[in-house]
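For reference, start-v9.cif (mmCIF, C-alpha atoms):
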data_entry
loop_
_atom_site.label_atom_id
_atom_site.label_comp_id
_atom_site.auth_asym_id
_atom_site.auth_seq_id
_atom_site.Cartn_x
_atom_site.Cartn_y
_atom_site.Cartn_z
CA MET B 1 -18.19 -14.43 2.89
CA LYS B 2 -19.78 -11.23 1.71
CA GLU B 3 -17.75 -8.27 0.63
CA THR B 4 -17.26 -5.63 3.33
CA PRO B 5 -19.21 -2.55 2.22
CA LEU B 6 -17.67 0.89 2.18
CA SER B 7 -18.80 3.35 4.81
CA ASN B 8 -20.44 6.63 3.84
CA CYS B 9 -17.34 8.53 4.96
CA GLU B 10 -15.07 6.46 2.72
CA ARG B 11 -17.43 6.82 -0.21
CA ARG B 12 -17.64 10.61 0.16
CA PHE B 13 -13.87 10.83 0.58
CA LEU B 14 -13.20 8.86 -2.63
CA LEU B 15 -15.70 10.88 -4.67
CA ARG B 16 -14.36 14.15 -3.33
CA ALA B 17 -10.80 13.11 -4.20
CA ILE B 18 -11.87 12.16 -7.74
CA GLU B 19 -13.55 15.54 -8.18
CA GLU B 20 -10.26 17.19 -7.19
CA LYS B 21 -8.39 14.92 -9.68
CA LYS B 22 -6.58 13.05 -6.93
CA ARG B 23 -6.21 9.30 -6.38
CA LEU B 24 -5.34 7.25 -3.32
CA ASP B 25 -2.15 5.81 -4.81
CA GLY B 26 -0.89 9.19 -6.07
CA ARG B 27 -1.56 8.56 -9.78
CA GLN B 28 -2.96 11.08 -12.19
CA THR B 29 -6.28 10.64 -14.00
CA TYR B 30 -4.87 8.84 -17.06
CA ASP B 31 -1.97 7.01 -15.36
CA TYR B 32 -1.70 3.24 -15.59
CA ARG B 33 -0.31 1.19 -12.74
CA ARG B 34 3.08 -0.42 -13.13
CA VAL B 35 3.02 -3.68 -15.12
CA ARG B 36 5.48 -6.46 -14.30
CA VAL B 37 5.92 -9.76 -16.13
CA ALA B 38 7.72 -12.81 -14.71
CA PHE B 39 8.12 -16.17 -16.44
CA GLY B 40 8.26 -19.63 -14.91
CA ALA B 41 10.69 -22.42 -15.61
CA ASP B 42 8.33 -24.06 -18.16
CA TYR B 43 7.12 -22.52 -21.37
CA GLY B 44 3.69 -20.92 -21.16
CA CYS B 45 3.80 -20.09 -17.44
CA CYS B 46 3.87 -16.46 -16.32
CA VAL B 47 2.78 -14.08 -13.56
CA VAL B 48 1.56 -10.60 -14.43
CA GLU B 49 1.34 -7.86 -11.80
CA LEU B 50 -0.79 -4.80 -12.40
CA GLY B 51 -0.08 -2.78 -9.28
CA ARG B 52 -1.15 -5.16 -6.51
CA THR B 53 -3.40 -7.24 -8.78
CA ARG B 54 -1.62 -10.49 -9.64
CA VAL B 55 -2.69 -13.12 -12.19
CA LEU B 56 -0.99 -16.46 -12.90
CA GLY B 57 -1.27 -17.74 -16.46
CA GLN B 58 -0.61 -21.33 -17.56
CA VAL B 59 -1.00 -22.74 -21.09
CA SER B 60 -1.30 -26.45 -21.87
CA CYS B 61 -2.07 -28.42 -25.03
CA GLU B 62 -3.26 -31.84 -26.15
CA LEU B 63 -4.30 -33.60 -29.38
CA VAL B 64 -8.09 -33.95 -29.67
CA PRO B 65 -10.62 -34.49 -32.49
CA PRO B 66 -11.77 -31.21 -34.07
CA LYS B 67 -15.26 -29.76 -34.00
CA PRO B 68 -17.51 -31.11 -36.77
CA ASN B 69 -18.15 -27.70 -38.32
CA ARG B 70 -14.45 -26.65 -38.12
CA ALA B 71 -12.50 -29.72 -39.19
CA THR B 72 -9.27 -27.86 -40.04
CA GLU B 73 -9.06 -25.49 -37.07
CA GLY B 74 -7.64 -25.96 -33.63
CA ILE B 75 -9.50 -25.24 -30.40
CA LEU B 76 -8.86 -22.41 -27.96
CA TYR B 77 -10.22 -22.63 -24.44
CA PHE B 78 -9.99 -19.94 -21.75
CA ASN B 79 -10.73 -20.43 -18.06
CA LEU B 80 -10.44 -17.75 -15.35
CA GLU B 81 -10.69 -18.70 -11.68
CA LEU B 82 -11.31 -16.35 -8.76
CA SER B 83 -10.05 -18.00 -5.59
CA GLN B 84 -10.56 -16.96 -1.99
CA MET B 85 -6.83 -16.35 -1.75
CA ALA B 86 -7.33 -13.28 -3.96
CA ALA B 87 -10.24 -11.83 -1.95
CA PRO B 88 -12.49 -13.26 0.81
CA ALA B 89 -15.64 -12.25 -1.13
CA PHE B 90 -14.98 -14.87 -3.85
CA GLU B 91 -16.79 -18.14 -3.17
CA PRO B 92 -15.13 -21.40 -4.29
CA GLY B 93 -17.00 -23.85 -6.48
CA ARG B 94 -19.58 -21.32 -7.62
CA GLN B 95 -19.60 -19.23 -10.77
CA SER B 96 -20.57 -15.68 -9.90
CA ASP B 97 -21.91 -13.13 -12.35
CA LEU B 98 -18.55 -11.37 -12.32
CA LEU B 99 -16.72 -14.57 -13.28
CA VAL B 100 -19.10 -15.33 -16.16
CA LYS B 101 -18.77 -11.78 -17.48
CA LEU B 102 -14.96 -11.89 -17.31
CA ASN B 103 -14.72 -15.25 -19.10
CA ARG B 104 -16.99 -14.10 -21.91
CA LEU B 105 -15.05 -10.89 -22.33
CA LEU B 106 -11.75 -12.80 -22.52
CA GLU B 107 -13.13 -15.11 -25.22
CA ARG B 108 -14.36 -12.17 -27.26
CA CYS B 109 -11.04 -10.37 -26.84
CA LEU B 110 -8.70 -13.26 -27.69
CA ARG B 111 -10.59 -15.94 -29.58
CA ASN B 112 -13.09 -13.92 -31.62
CA SER B 113 -10.42 -11.37 -32.60
CA LYS B 114 -8.47 -14.15 -34.38
CA CYS B 115 -5.22 -13.19 -32.67
CA ILE B 116 -3.99 -16.81 -33.01
CA ASP B 117 -3.91 -18.73 -36.26
CA THR B 118 -6.10 -21.69 -35.38
CA GLU B 119 -5.58 -23.35 -38.77
CA SER B 120 -1.90 -23.82 -37.92
CA LEU B 121 -3.02 -25.99 -35.00
CA CYS B 122 -4.45 -28.65 -37.33
CA VAL B 123 -2.43 -31.89 -37.52
CA VAL B 124 -4.76 -34.18 -39.56
CA ALA B 125 -7.87 -32.57 -41.00
CA GLY B 126 -10.99 -33.98 -39.38
CA GLU B 127 -9.00 -36.25 -37.06
CA LYS B 128 -6.35 -34.55 -34.95
CA VAL B 129 -5.97 -30.90 -33.94
CA TRP B 130 -4.27 -29.11 -31.06
CA GLN B 131 -6.47 -27.91 -28.21
CA ILE B 132 -4.83 -24.97 -26.48
CA ARG B 133 -6.09 -24.38 -22.94
CA VAL B 134 -5.31 -21.12 -21.08
CA ASP B 135 -5.87 -21.27 -17.32
CA LEU B 136 -5.80 -17.97 -15.43
CA HIS B 137 -5.75 -17.82 -11.63
CA LEU B 138 -6.28 -14.59 -9.76
CA LEU B 139 -3.72 -14.51 -6.93
CA ASN B 140 -4.51 -11.09 -5.48
CA HIS B 141 -7.37 -8.71 -6.19
CA ASP B 142 -6.79 -4.96 -6.16
CA GLY B 143 -9.09 -3.93 -8.99
CA ASN B 144 -9.15 -4.13 -12.79
CA ILE B 145 -9.08 -7.91 -13.12
CA ILE B 146 -9.89 -7.95 -16.83
CA ASP B 147 -6.85 -5.89 -17.83
CA ALA B 148 -4.46 -8.05 -15.82
CA ALA B 149 -6.09 -11.26 -17.09
CA SER B 150 -5.90 -10.19 -20.76
CA ILE B 151 -2.22 -9.30 -20.40
CA ALA B 152 -1.45 -12.60 -18.64
CA ALA B 153 -3.31 -14.61 -21.32
CA ILE B 154 -1.54 -13.04 -24.30
CA VAL B 155 1.86 -13.23 -22.55
CA ALA B 156 1.38 -16.91 -21.72
CA LEU B 157 0.31 -17.68 -25.30
CA SER B 158 3.30 -15.81 -26.72
CA HIS B 159 5.68 -17.63 -24.37
CA PHE B 160 4.18 -21.10 -24.93
CA ARG B 161 5.84 -23.76 -27.10
CA ARG B 162 3.94 -26.85 -28.27
CA PRO B 163 5.66 -30.17 -29.05
CA ASP B 164 6.58 -30.85 -32.65
CA VAL B 165 4.72 -33.57 -34.58
CA SER B 166 5.19 -35.46 -37.83
CA VAL B 167 2.62 -37.31 -39.91
CA GLN B 168 3.46 -40.36 -42.03
CA GLY B 169 0.33 -41.84 -43.56
CA ASP B 170 -2.12 -42.47 -40.74
CA GLU B 171 0.61 -42.46 -38.10
CA VAL B 172 1.14 -39.29 -36.00
CA THR B 173 4.46 -39.04 -34.10
CA LEU B 174 4.78 -36.68 -31.15
CA TYR B 175 8.33 -35.59 -30.24
CA THR B 176 9.56 -34.53 -26.84
CA HIS B 177 11.50 -31.33 -26.13
CA GLU B 178 14.74 -33.30 -26.04
CA GLU B 179 14.16 -34.87 -29.46
CA ARG B 180 13.05 -31.73 -31.28
CA ASP B 181 12.75 -28.09 -30.40
CA PRO B 182 9.20 -27.08 -29.45
CA VAL B 183 7.22 -24.91 -31.86
CA PRO B 184 5.79 -21.50 -30.86
CA LEU B 185 2.21 -20.53 -31.66
CA SER B 186 1.43 -18.35 -34.65
CA ILE B 187 0.21 -15.05 -33.19
CA HIS B 188 -1.04 -12.34 -35.53
CA HIS B 189 -1.48 -9.52 -33.00
CA MET B 190 -1.75 -8.89 -29.26
CA PRO B 191 -5.15 -7.58 -28.12
CA ILE B 192 -5.01 -5.97 -24.68
CA CYS B 193 -7.93 -4.66 -22.62
CA VAL B 194 -7.92 -1.16 -21.14
CA SER B 195 -10.60 -0.24 -18.57
CA PHE B 196 -12.11 3.21 -17.98
CA ALA B 197 -14.20 4.01 -14.88
CA PHE B 198 -16.83 6.78 -14.96
CA PHE B 199 -18.11 8.71 -11.96
CA GLN B 200 -20.96 11.16 -11.40
CA GLN B 201 -22.85 9.87 -14.46
CA GLY B 202 -19.89 10.20 -16.81
CA THR B 203 -18.62 13.57 -15.56
CA TYR B 204 -15.27 12.20 -14.32
CA LEU B 205 -13.07 9.55 -15.93
CA LEU B 206 -10.28 7.38 -14.51
CA VAL B 207 -7.99 4.90 -16.27
CA ASP B 208 -7.16 1.57 -14.61
CA PRO B 209 -9.38 1.83 -11.48
CA ASN B 210 -8.29 0.04 -8.34
CA GLU B 211 -10.54 -1.98 -6.04
CA ARG B 212 -11.89 0.92 -3.97
CA GLU B 213 -12.50 3.08 -7.01
CA GLU B 214 -14.48 0.25 -8.62
CA ARG B 215 -16.84 0.23 -5.64
CA VAL B 216 -17.90 3.84 -6.09
CA MET B 217 -17.90 4.03 -9.90
CA ASP B 218 -21.13 4.46 -11.87
CA GLY B 219 -20.04 2.69 -15.05
CA LEU B 220 -17.17 0.84 -16.72
CA LEU B 221 -15.97 0.92 -20.33
CA VAL B 222 -13.56 -1.81 -21.53
CA ILE B 223 -11.80 -1.41 -24.87
CA ALA B 224 -9.67 -4.26 -26.30
CA MET B 225 -7.18 -2.97 -28.86
CA ASN B 226 -3.89 -3.98 -30.45
CA LYS B 227 -0.86 -1.83 -31.24
CA HIS B 228 -2.19 -1.17 -34.75
CA ARG B 229 -5.10 0.76 -33.14
CA GLU B 230 -7.61 -1.88 -34.23
CA ILE B 231 -10.47 -2.27 -31.78
CA CYS B 232 -11.03 -5.97 -31.11
CA THR B 233 -13.97 -5.61 -28.72
CA ILE B 234 -15.67 -2.94 -26.65
CA GLN B 235 -18.03 -3.35 -23.72
CA SER B 236 -19.88 -0.85 -21.54
CA SER B 237 -21.49 -1.79 -18.22
CA GLY B 238 -23.17 0.10 -15.42
CA GLY B 239 -26.12 1.60 -17.28
CA ILE B 240 -24.66 5.04 -17.98
CA MET B 241 -25.09 6.97 -21.20
CA LEU B 242 -21.82 7.93 -22.89
CA LEU B 243 -21.38 10.53 -25.57
CA LYS B 244 -19.56 9.90 -28.84
CA ASP B 245 -16.76 12.25 -27.86
CA GLN B 246 -16.19 10.37 -24.62
CA VAL B 247 -15.84 7.03 -26.42
CA LEU B 248 -13.45 8.53 -28.97
CA ARG B 249 -11.31 10.06 -26.24
CA CYS B 250 -11.16 6.70 -24.44
CA SER B 251 -10.14 4.94 -27.67
CA LYS B 252 -7.26 7.38 -28.17
CA ILE B 253 -6.05 6.85 -24.59
CA ALA B 254 -6.35 3.07 -25.01
CA GLY B 255 -4.20 3.20 -28.16
CA VAL B 256 -1.36 4.87 -26.26
CA LYS B 257 -1.55 2.47 -23.30
CA VAL B 258 -1.73 -0.63 -25.51
CA ALA B 259 1.37 0.44 -27.45
CA GLU B 260 3.33 0.87 -24.20
CA ILE B 261 2.20 -2.47 -22.76
CA THR B 262 2.92 -4.34 -26.03
CA GLU B 263 6.46 -2.97 -26.10
CA LEU B 264 6.98 -4.06 -22.49
CA ILE B 265 5.72 -7.59 -23.28
CA GLN B 266 8.01 -7.95 -26.28
CA LYS B 267 11.04 -6.83 -24.27
CA ALA B 268 10.21 -9.30 -21.50
CA LEU B 269 9.88 -12.15 -24.01
CA GLU B 270 13.18 -11.25 -25.67
CA ASN B 271 15.03 -11.12 -22.35
CA ASP B 272 13.65 -14.50 -21.27
CA GLN B 273 14.56 -16.10 -24.60
CA LYS B 274 18.06 -14.65 -24.40
CA VAL B 275 18.61 -16.00 -20.88
CA ARG B 276 17.39 -19.47 -21.90
CA LYS B 277 19.72 -19.59 -24.90
CA GLU B 278 22.73 -18.49 -22.87
CA GLY B 279 21.99 -21.12 -20.23
CA GLY B 280 21.41 -18.64 -17.42
CA LYS B 281 19.08 -19.00 -14.49
CA PHE B 282 15.40 -18.39 -15.15
CA GLY B 283 12.05 -18.95 -13.45
CA PHE B 284 9.97 -17.27 -10.77
CA ALA B 285 12.70 -17.63 -8.13
CA GLU B 286 15.17 -15.68 -10.26
CA SER B 287 12.68 -12.95 -11.15
CA ILE B 288 12.24 -11.92 -7.50
CA ALA B 289 15.01 -9.83 -5.93
CA ASN B 290 17.06 -11.55 -3.24
CA GLN B 291 16.50 -8.90 -0.61
CA LYS B 292 12.72 -8.90 -0.95
CA ILE B 293 10.89 -10.86 1.72
CA THR B 294 7.46 -10.29 0.20
CA ALA B 295 6.43 -9.70 -3.37
CA PHE B 296 4.57 -6.50 -2.41
CA LYS B 297 7.51 -4.80 -0.71
CA MET B 298 7.67 -1.19 -1.87
CA GLU B 299 10.84 -0.11 -3.59
CA LYS B 300 12.87 2.77 -2.25
CA ALA B 301 12.29 6.02 -4.05
CA PRO B 302 15.44 7.76 -5.32
CA VAL B 303 16.40 10.79 -3.27
CA ASP B 304 18.28 13.73 -4.79
CA THR B 305 21.11 14.59 -2.40
CA SER B 306 22.74 17.25 -4.56
CA ASN B 307 22.86 20.83 -3.28
CA VAL B 308 21.60 19.74 0.14
CA GLU B 309 23.50 22.45 2.03
CA GLU B 310 22.20 25.21 -0.21
CA LYS B 311 18.62 24.02 0.14
CA ALA B 312 19.00 23.77 3.91
CA GLU B 313 20.30 27.34 4.10
CA GLU B 314 17.37 28.59 2.00
CA ILE B 315 14.88 26.81 4.27
CA ILE B 316 16.53 28.23 7.39
CA ALA B 317 16.59 31.74 5.91
CA GLU B 318 12.90 31.60 4.97
CA ALA B 319 11.84 30.12 8.30
CA GLU B 320 10.55 32.41 11.05
CA PRO B 321 12.75 32.90 14.14
CA PRO B 322 11.66 31.10 17.31
CA SER B 323 9.28 33.06 19.53
CA GLU B 324 11.04 32.17 22.81
CA VAL B 325 14.63 31.44 23.62
CA VAL B 326 14.98 28.31 25.70
CA SER B 327 17.62 28.59 28.40
CA LYS B 328 20.34 25.99 28.76
CA PRO B 329 20.44 23.62 31.77
CA VAL B 330 21.88 25.29 34.90
CA LEU B 331 24.43 23.43 37.01
CA TRP B 332 23.84 24.55 40.60
CA THR B 333 26.37 22.32 42.31
CA PRO B 334 28.50 19.40 41.10
CA GLY B 335 26.29 16.39 40.46
CA THR B 336 23.05 18.34 40.03
CA ALA B 337 21.29 19.88 37.07
CA GLN B 338 18.05 21.58 36.17
CA ILE B 339 15.27 19.40 34.73
CA GLY B 340 13.00 20.93 32.10
CA GLU B 341 13.32 23.83 29.71
CA GLY B 342 13.67 26.45 32.39
CA ILE B 343 10.90 28.73 31.17
CA GLU B 344 7.84 29.96 32.96
CA ASN B 345 4.68 27.92 33.22
CA SER B 346 2.40 28.48 30.21
CA TRP B 347 -0.58 26.41 31.33
CA GLY B 348 -2.60 29.51 32.15
CA GLU B 349 -3.83 30.99 35.38
CA LEU B 350 -5.38 28.91 38.10
CA GLU B 351 -9.05 29.13 38.89
CA GLU B 352 -10.31 30.62 42.17
CA SER B 353 -11.05 27.23 43.73
CA GLU B 354 -7.55 25.99 42.82
CA LYS B 355 -5.98 29.18 44.25
CA GLU B 356 -7.80 28.64 47.59
CA ASP B 357 -6.55 25.03 47.72
CA GLU B 358 -2.99 26.19 47.01
CA ASP B 359 -3.21 28.78 49.82
CA GLU B 360 -4.54 26.21 52.31
CA VAL B 361 -1.81 23.71 51.43
CA GLY B 362 0.85 26.42 51.73
CA SER B 363 -0.36 27.51 55.21
CA ASP B 364 -0.54 23.90 56.42
CA GLU B 365 2.99 23.19 55.22
CA ALA B 366 4.27 26.31 56.94
CA ILE B 367 2.69 25.17 60.24
CA ILE B 368 4.21 21.70 59.83
CA LEU B 369 7.62 23.25 59.19
CA ASP B 370 7.44 25.35 62.37
CA ASN B 371 6.41 22.33 64.43
CA ILE B 372 9.24 20.25 63.00
CA LYS B 373 11.77 22.93 63.95
CA MET B 374 10.44 22.97 67.51
CA ASN B 375 10.42 19.18 67.98
CA THR B 376 13.46 17.97 66.05
CA GLY B 377 15.73 20.93 66.32
CA VAL B 378 16.33 21.07 62.59
CA GLU B 379 17.36 24.50 61.42
CA VAL B 380 16.38 25.76 57.98
CA PHE B 381 18.68 28.35 56.48
CA THR B 382 17.50 30.53 53.61
CA SER B 383 19.80 33.00 51.98
CA GLY B 384 18.78 36.40 50.73
CA ASN B 385 19.45 35.38 47.16
CA GLN B 386 16.44 33.57 45.66
CA ASP B 387 18.55 31.56 43.23
CA ALA B 388 20.70 30.01 45.97
CA PRO B 389 19.81 26.46 47.00
CA ILE B 390 18.11 25.68 50.31
CA VAL B 391 20.17 23.54 52.68
CA LEU B 392 18.55 21.49 55.43
CA SER B 393 20.99 20.52 58.17
CA ASP B 394 20.75 18.52 61.40
CA SER B 395 23.40 18.20 64.02
CA GLU B 396 22.67 14.50 64.48
CA GLU B 397 22.84 13.70 60.73
CA GLU B 398 25.72 13.52 58.31
CA GLU B 399 23.54 13.70 55.17
CA MET B 400 22.99 16.96 53.33
CA ILE B 401 19.83 17.38 51.23
CA VAL B 402 19.88 20.05 48.52
CA LEU B 403 16.61 21.17 46.97
CA GLU B 404 16.47 23.37 43.88
CA PRO B 405 13.66 25.95 43.94
CA ASP B 406 11.94 27.50 40.93
CA LYS B 407 12.87 30.90 39.62
CA ASN B 408 10.13 32.55 41.71
CA PRO B 409 9.27 30.00 44.40
CA LYS B 410 5.82 30.45 45.86
CA LYS B 411 6.00 27.65 48.40
CA ILE B 412 8.59 25.39 50.04
CA ARG B 413 8.21 21.66 50.22
CA THR B 414 10.64 19.87 52.51
CA GLN B 415 11.20 16.28 53.30
CA ILE B 416 12.96 15.54 56.58
CA ILE B 417 14.77 12.30 57.15
CA SER B 418 15.52 12.16 60.88
CA ALA B 419 18.07 9.90 62.46
CA LYS B 420 15.55 9.05 65.19
CA GLU B 421 12.88 8.29 62.53
CA GLU B 422 10.40 10.64 64.17
CA LYS B 423 7.23 11.17 62.23
CA ALA B 424 5.81 14.60 61.61
CA PRO B 425 2.51 15.26 63.39
CA SER B 426 -0.64 15.19 61.37
CA ARG B 427 -2.41 18.33 60.19
CA LYS B 428 -5.24 17.90 62.67
CA THR B 429 -2.92 17.90 65.71
CA VAL B 430 -1.06 20.94 64.35
CA LYS B 431 -4.29 22.88 63.93
CA LYS B 432 -5.34 22.01 67.48
CA ARG B 433 -2.03 23.27 68.86
CA LYS B 434 -2.45 26.46 66.85
CA LYS B 435 -5.84 27.07 68.45
CA ASN B 436 -4.42 26.44 71.96
CA CYS B 437 -1.69 28.96 71.26
#
Rewrite the coordinates I just gave you, this time as structure tokens.
Amino acid sequence: MKETPLSNCERRFLLRAIEEKKRLDGRQTYDYRRVRVAFGADYGCCVVELGRTRVLGQVSCELVPPKPNRATEGILYFNLELSQMAAPAFEPGRQSDLLVKLNRLLERCLRNSKCIDTESLCVVAGEKVWQIRVDLHLLNHDGNIIDAASIAAIVALSHFRRPDVSVQGDEVTLYTHEERDPVPLSIHHMPICVSFAFFQQGTYLLVDPNEREERVMDGLLVIAMNKHREICTIQSSGGIMLLKDQVLRCSKIAGVKVAEITELIQKALENDQKVRKEGGKFGFAESIANQKITAFKMEKAPVDTSNVEEKAEEIIAEAEPPSEVVSKPVLWTPGTAQIGEGIENSWGELEESEKEDEDEVGSDEAIILDNIKMNTGVEVFTSGNQDAPIVLSDSEEEEMIVLEPDKNPKKIRTQIISAKEEKAPSRKTVKKRKKNC
């Protein structure tokens, strides 16, 4: 399934918002989305959330023969998968250009930067070494996959524990977790990728672009750096020309973001290790709040309720007084009330054709009323006061019908319910009788 393209209106809206230094999610230009780390029940399993982008990381190991040219070094293998569950545009079973580019960038960031001591993974030189495999699965795609994947990979490697081994002569003994405590990997530093999106040929810059911002960007700059401000790798794509000052500014921003993310990762690892030692509950089920139905449920923002009355009085004092005073409902008689606001009609004046129709209807209703009084003997009483209700009475009926007129009634509409169920004559017969008269 192909990716749904953006419309011209959406594209212009996004570019206009970026020019005004505004973003769809309310962030500032250099703001990073919130990073969350959750660990599974097993070592080396974690889920990293970068906003709505989620990546699952899983580390596994096995004893294999080493490479011929590196007999005393272990093997690191990285694999990133883009499933259709993350986005409908990803095709299963086919390596896209995006997937190849992301895998190569991860290898350059983590393996070529020598963040893990591969020599410590050697068991018997030339015969047995540990092969560490890092599998990354994209669970949801909302932009900036490489940053989320790099964080998930380094977190999973830091959390992983390999089984302990012992060598006696040519015999290699592998111990389970119950027999001996597992051994963590030797990690020298934590390289983390930070992405920068450029718009209008490098005029505007955004940190951590989301999925819609990636569609309208002109170029992307990815800088992998550790907390010591050492650049591990740098990659520019999109075919835009960047100045030296722009690259230096991006490197300074990346240094600040990497230091914050590294501190967050270390705190998350310490908390998980503390819970495991104390025998508490851990895993993905415990990392999700009990009241959350979905993982993407937005948290409630704190509301400041102090000095509410003072603020309300200030708002009321600054507000303009209402232009019209709405009258209260009028109780004419017990059991009745006025419907509406009780103010004059503000729909504007009627046109000439509508006025003629109103006059014709009014004259016809007056003729019908006179004819009804002649035939049925119903008397209609109207008082001199316009606000008084109109009472229709019949000597043969016990029911009393009360109609409430407007403030300035222009016409009278009556509905007669006769005991003899006599029907009122039609308009045509009334007009004929008028002519005869």
Tell me which residues the PyMOL selection byres ((chain B and resi 101) around 12) grabs here, as a ChimeraX atom specification.
/B:79-80,95-100,102-108,145-146,222,235-237
When distances are computed from only C-alpha atoms, which of B:Glu263, B:Asp272, B:Asp181, B:Glu230 shows the smallest separation from B:Cys45?
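For B:Cys45, the nearest of the given residues is B:Asp272.
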When distances are computed from only C-alpha atoms, which of B:Ala87, B:Val247, B:Leu14, B:Val275 shows the smallest separation from B:Asn140?
B:Ala87
Resolved residues for the PyMOL selection byres ((chain B and resi 218) around 12) as a VMD selection string
chain B and resid 15 196 to 206 213 to 217 219 to 221 236 to 242
May I have the protein, DNA and RNA residues with an atom at most 9 Å from (-8.8, 11.8, -14.3), counting all atoms listed in the file in the file's coordinates, returned as JSON, numbers by chain?
{"B": [18, 19, 21, 22, 23, 28, 29, 30, 31, 204, 205, 206, 207]}
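Near B:Arg36, within 7 Å and counting all atoms listed in the file, sit Val48, Glu49 and Leu50 of chain B; same-chain residues fewer than 3 positions away were not included.
Reported to one decimal place, the separation of atom CA of B:Gln246 from atom CA of B:Ile223 is 12.6 Å.
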Neighbours of B:Leu82 within 8 Å (all atoms listed in the file; same-chain residues fewer than 4 positions away dropped), as a PDB file with C-alpha atoms, in the coordinates of the input?
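Just written: result-v1.pdb:
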ATOM      1  CA  ALA B  86      -7.330 -13.280  -3.960  1.00  0.00           C
ATOM      2  CA  PHE B  90     -14.980 -14.870  -3.850  1.00  0.00           C
ATOM      3  CA  PRO B  92     -15.130 -21.400  -4.290  1.00  0.00           C
ATOM      4  CA  LEU B  99     -16.720 -14.570 -13.280  1.00  0.00           C
ATOM      5  CA  HIS B 137      -5.750 -17.820 -11.630  1.00  0.00           C
ATOM      6  CA  LEU B 138      -6.280 -14.590  -9.760  1.00  0.00           C
TER       7      LEU B 138
END
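You can rank B:Arg229, B:Arg161, B:Lys277, B:Lys128 by their closest distance to B:Val64 using only C-alpha atoms, and at the top of that list sits B:Lys128.
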Return as a PyMOL selection string the set of residues that the PyMOL selection byres ((chain B and resi 123) around 12) yields on the displayed structure.
chain B and resi 62-66+71-74+118-122+124-131+163-174
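If you count only C-alpha atoms and ignore residues fewer than 2 places along the chain from B:Gln266, what sits within 12 Å of it is B:Val37, B:Ile151, B:Ile154, B:Val155, B:Ser158, B:His159, B:His189, B:Met190, B:Lys227, B:Ala259, B:Glu260, B:Ile261, B:Thr262, B:Glu263, B:Leu264, B:Ala268, B:Leu269, B:Glu270, B:Asn271, B:Asp272, B:Gln273.
Here atom CA of B:Lys67 stands at a distance of 16.0 Å from atom CA of B:Asp117.
From atom CA of B:Gly283 back to atom CA of B:Leu185, the distance works out to 20.8 Å.
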What would the list of residues within 10 Å of (-4.0, 0.8, -14.4) (file frame) look like as an MDAnalysis selection string, if all atoms listed in the file are what count?
chainID B and resid 27 30:35 50:51 53 143:144 147:148 194:196 206:210 257
Residues near B:Met225, anyone? I mean within 7 Å using only C-alpha atoms, not counting same-chain ones fewer than 4 positions away, as a list in words.
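Final neighbour list, sorted by chain and number: Pro191, Ile192, Cys193, Arg229, Glu230, Ile231, Cys232, Gly255 and Val258 of chain B.
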